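Novice: I'd like to ask some things about the structure below.
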Amino acid sequence: MDKEISVAVIAEYIGKSPEEVAYSFVFDEVYRLARRGVNVHVVRGKIEKDSISYGIHFHDIEKMVDPQALNMLMKNIMFYPPISLLRNPIYLYWENLYASNVSKVIEKYDLDLIHAHFAYREGLVGLLAKTGTKKPLIVTCHGYDINTVPEVGYGIRLRKRYDDLVRLVLKNADAIICVSNDMKNKVLKLGINKEKVFVVLNGVDINLFRPPLKKESDTLNEVRSRFGINEDDFVILNARHLRRIYGIEYIIYAAKMVTEQVKKKQSLS
Amino acid sequence: MNYEITGFIERERALEYLSLFDTLVLPSYRISTTESNILIKVIEAWALGIPVIITKHRVFLNSKIKDYEDIIYCEPDPNSVTKAIAIILANESLRRKIQANGLKLAKQFDYDKIAERLLKAFED
């Protein structure tokens with residue numbers, strides 16, 4: 001029987017259950033991998049005790065003050081792009097502390113590969129861990145690490161210090177996963193070898209997100225009555241941050257206009 | 001017109017809210033991030049059978065997501081959003097068609113399939 005794949009997943013803020021919102025898209029992914037027999041060890045950037053949840057091993061930062069992390073930083077200092085060293089030294093320490101913990105987990109459990117979510121910070125942490133452990137590094141790019149929108153200050157690569165770090169990570173990763181073809185094209189434009197770039201789209205848990213939408217159920221009636229919504233009312237959802245780029249004002253204007261149209265139609269009939 | 005800005009809500013409560021909605025409306029500007037990703041919330045709406053009204057972003061066209069079949073496209077403009085909402089509001093059969101097609105689309109994005117693709121990338 002083939003040895004099962006074992007992977008160190010680097011996801012700084014991931015929760016330990018589907019109820020936790022931060023990095024839920026990563027949780028959903030690693031949960032499926034664990035169910036398929038992959039030996040998944042998630043290394044987080046939290047100060048908590050190690051645990052197993054949903055068949056996934058969670059490892060947290062052991063201690064904030066760690067001489068090994070300082071040693072690692074000293075060893076890696078030449079590895080950093082020069083401009084990226086012009087950052088708060090605490091960030092440099094944290095990256096190496098996190099990488100030191102990832103390396104320990106890889107060595108303790110003899111893991112096969114490293115999978116980091118986001119090119120920065122997790123990708124950089126994975127790269128630092130790769131230099132010590134010699135394990136292959138896979139980086140998934142999710143958006144903020146690749147895309148830039150200067151008009152609204154979106155994207156980590158807007159800052160040269162981080163742009164250089166992201167380029168370093170992508171150049172040295174053994175495989176890069178992008179969540180869309182468009183993002184893949186952007187990664188290729190950074191001079192990355194196309195042979196190592198894969199597209200794996202965002203996903204959905206169709207067991208959780210499925211109809212019937214509790215229509216006619218007590219829960220729906222209860223929720224509707226709580227908000228004073230009548231049975232025939234048409235309800236619109238917009239799930240976004242309240243930022244201008246999301247065009248929320250158009251919905252507000254449109255809602256008024258639709259309401260007027262409906263009233264006009266009703267008065268004519 | 002009534003509206004509520006909920007702020008952050010827990011996942012369980014969010015699912016309860018989701019059960020209320022007749023349509024998801026996302027008239028975002030065209031910027032690199034909105035043009036390049038199919039948002040998880042859109043895939044979740046498809047899976048729930050909630051018709052989606054969204055700006056005609058490049059990523060949807062590249063993915064061959066069809067107007068009036070899988071989704072309703074709009075422009076980031078109040079008149080265009082009004083027209084799209086009015087169409088969904090008035091046309092029950094269109095709503096049902098988009099709901100049914102959305103459910104089929106969502107299956108392509110099921111995490112089990114995503115995990116398969118990921119494992120393939122690991123093995124390669």
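All residue names refer to the structure tokens as shown: chains lettered A, B, ... in order, residues numbered from 1 in each chain, ligands numbered from 1 in order.
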Could you tell me which residues of chain A sit within 6 Å of chain B when counting only C-alpha atoms, and give me the result as a PDB file with N, CA and C atoms, in the first residue's frame?

Specialist:
ATOM      1  N   GLU A  19     -17.265  26.218  12.197  1.00  0.00           N
ATOM      2  CA  GLU A  19     -18.008  27.378  12.728  1.00  0.00           C
ATOM      3  C   GLU A  19     -17.151  28.638  12.760  1.00  0.00           C
ATOM      4  N   LEU A  33      -9.255  17.090   2.508  1.00  0.00           N
ATOM      5  CA  LEU A  33      -7.999  16.354   2.302  1.00  0.00           C
ATOM      6  C   LEU A  33      -7.841  15.284   3.390  1.00  0.00           C
ATOM      7  N   ASN A 147      -3.217  40.359  -6.516  1.00  0.00           N
ATOM      8  CA  ASN A 147      -3.917  41.496  -7.129  1.00  0.00           C
ATOM      9  C   ASN A 147      -3.545  42.814  -6.458  1.00  0.00           C
ATOM     10  N   SER A 180      -7.967  31.230  -9.801  1.00  0.00           N
ATOM     11  CA  SER A 180      -8.639  31.532 -11.074  1.00  0.00           C
ATOM     12  C   SER A 180      -7.592  31.582 -12.183  1.00  0.00           C
ATOM     13  N   ASP A 182      -7.366  33.928 -14.346  1.00  0.00           N
ATOM     14  CA  ASP A 182      -6.891  35.301 -14.416  1.00  0.00           C
ATOM     15  C   ASP A 182      -5.706  35.507 -13.462  1.00  0.00           C
ATOM     16  N   GLY A 203     -14.251  26.882  -3.610  1.00  0.00           N
ATOM     17  CA  GLY A 203     -15.243  25.812  -3.526  1.00  0.00           C
ATOM     18  C   GLY A 203     -16.423  26.134  -2.627  1.00  0.00           C
ATOM     19  N   VAL A 204     -17.298  25.123  -2.519  1.00  0.00           N
ATOM     20  CA  VAL A 204     -18.482  25.254  -1.653  1.00  0.00           C
ATOM     21  C   VAL A 204     -18.763  23.884  -1.026  1.00  0.00           C
ATOM     22  N   ASP A 205     -19.280  23.913   0.185  1.00  0.00           N
ATOM     23  CA  ASP A 205     -19.703  22.676   0.831  1.00  0.00           C
ATOM     24  C   ASP A 205     -21.179  22.483   0.478  1.00  0.00           C
ATOM     25  N   PHE A 209     -24.504  24.132   2.231  1.00  0.00           N
ATOM     26  CA  PHE A 209     -25.211  25.121   1.420  1.00  0.00           C
ATOM     27  C   PHE A 209     -26.069  24.373   0.405  1.00  0.00           C
ATOM     28  N   ARG A 210     -27.297  24.091   0.793  1.00  0.00           N
ATOM     29  CA  ARG A 210     -28.165  23.346  -0.114  1.00  0.00           C
ATOM     30  C   ARG A 210     -29.619  23.695   0.150  1.00  0.00           C
ATOM     31  N   PRO A 211     -30.431  23.649  -0.898  1.00  0.00           N
ATOM     32  CA  PRO A 211     -31.859  23.841  -0.675  1.00  0.00           C
ATOM     33  C   PRO A 211     -32.454  22.560  -0.084  1.00  0.00           C
ATOM     34  N   LEU A 213     -34.368  25.933   1.215  1.00  0.00           N
ATOM     35  CA  LEU A 213     -33.869  27.031   2.040  1.00  0.00           C
ATOM     36  C   LEU A 213     -34.730  27.230   3.283  1.00  0.00           C
ATOM     37  N   VAL A 235     -36.762  39.812  -0.862  1.00  0.00           N
ATOM     38  CA  VAL A 235     -35.635  40.164   0.008  1.00  0.00           C
ATOM     39  C   VAL A 235     -34.318  40.021  -0.746  1.00  0.00           C
ATOM     40  N   ILE A 236     -33.517  41.088  -0.677  1.00  0.00           N
ATOM     41  CA  ILE A 236     -32.246  41.142  -1.412  1.00  0.00           C
ATOM     42  C   ILE A 236     -31.085  41.043  -0.423  1.00  0.00           C
ATOM     43  N   LEU A 237     -30.088  40.252  -0.809  1.00  0.00           N
ATOM     44  CA  LEU A 237     -28.884  40.129   0.014  1.00  0.00           C
ATOM     45  C   LEU A 237     -27.712  40.787  -0.697  1.00  0.00           C
ATOM     46  N   ASN A 238     -26.914  41.520   0.056  1.00  0.00           N
ATOM     47  CA  ASN A 238     -25.600  41.950  -0.427  1.00  0.00           C
ATOM     48  C   ASN A 238     -24.617  41.638   0.689  1.00  0.00           C
ATOM     49  N   ILE A 245     -15.902  50.357  -3.675  1.00  0.00           N
ATOM     50  CA  ILE A 245     -15.690  49.524  -4.864  1.00  0.00           C
ATOM     51  C   ILE A 245     -16.765  48.453  -5.040  1.00  0.00           C
ATOM     52  N   TYR A 246     -17.504  48.161  -3.983  1.00  0.00           N
ATOM     53  CA  TYR A 246     -18.511  47.110  -4.085  1.00  0.00           C
ATOM     54  C   TYR A 246     -19.871  47.622  -4.565  1.00  0.00           C
ATOM     55  N   GLY A 247     -19.967  48.909  -4.834  1.00  0.00           N
ATOM     56  CA  GLY A 247     -21.158  49.458  -5.491  1.00  0.00           C
ATOM     57  C   GLY A 247     -22.437  49.342  -4.686  1.00  0.00           C
ATOM     58  N   TYR A 250     -25.409  51.579  -5.385  1.00  0.00           N
ATOM     59  CA  TYR A 250     -26.270  51.279  -6.540  1.00  0.00           C
ATOM     60  C   TYR A 250     -27.478  50.458  -6.115  1.00  0.00           C
ATOM     61  N   TYR A 253     -29.947  52.877  -4.382  1.00  0.00           N
ATOM     62  CA  TYR A 253     -30.699  53.645  -5.394  1.00  0.00           C
ATOM     63  C   TYR A 253     -31.686  52.725  -6.118  1.00  0.00           C
ATOM     64  N   ALA A 254     -31.191  51.538  -6.484  1.00  0.00           N
ATOM     65  CA  ALA A 254     -32.022  50.609  -7.270  1.00  0.00           C
ATOM     66  C   ALA A 254     -33.237  50.158  -6.469  1.00  0.00           C
ATOM     67  N   VAL A 258     -36.911  50.365  -7.840  1.00  0.00           N
ATOM     68  CA  VAL A 258     -37.751  49.170  -8.024  1.00  0.00           C
ATOM     69  C   VAL A 258     -39.056  49.339  -7.250  1.00  0.00           C
TER      70      VAL A 258
END

Novice: Please identify all polymer residues within 6 Å of range 87-101 of chain A, counting only C-alpha atoms, omitting same-chain residues fewer than 4 positions from it, and present them as a JSON list (two decimals) with N, CA and C atoms, in the first residue's frame.

Specialist:
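File produced: selection.json:
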[["chain", "number", "residue", "atom", "x", "y", "z"],
["A", 69, "ALA", "N", 14.47, 30.77, 17.00],
["A", 69, "ALA", "CA", 13.92, 31.68, 15.99],
["A", 69, "ALA", "C", 14.93, 32.78, 15.67],
["A", 73, "LEU", "N", 16.69, 33.52, 12.14],
["A", 73, "LEU", "CA", 16.69, 34.85, 11.52],
["A", 73, "LEU", "C", 18.11, 35.25, 11.09],
["A", 125, "VAL", "N", 6.92, 32.16, 5.19],
["A", 125, "VAL", "CA", 7.21, 31.25, 6.31],
["A", 125, "VAL", "C", 7.51, 29.85, 5.75],
["A", 128, "LEU", "N", 10.97, 29.82, 4.23],
["A", 128, "LEU", "CA", 12.02, 29.76, 5.27],
["A", 128, "LEU", "C", 12.11, 28.34, 5.84],
["A", 129, "ALA", "N", 10.96, 27.69, 6.00],
["A", 129, "ALA", "CA", 10.96, 26.31, 6.51],
["A", 129, "ALA", "C", 11.54, 25.35, 5.46]]

Novice: Please compute the CA of Thr131 in chain A-CA of Glu48 in chain A distance, one decimal, in Å.

Specialist: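 CA of Thr131 in chain A sits 25.9 Å away from CA of Glu48 in chain A.
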
Novice: Report the residues of range 147-219 of chain A whose backbone DSSP state falls under strand (DSSP E or B), written as a list in words.

Specialist: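 The residues of range 147-219 of chain A classed as strand (DSSP E or B) are Val149, Tyr154, Ala175, Ile176, Ile177, Cys178, Val197, Phe198, Val199 and Val204 of chain A.
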
Novice: Hey, what does DSSP flag as alpha helix (DSSP H) within range 81-170 of chain A? Can you give it to me as an MDAnalysis selection string?

Specialist: chainID A and resid 89:109 124:133 160:170
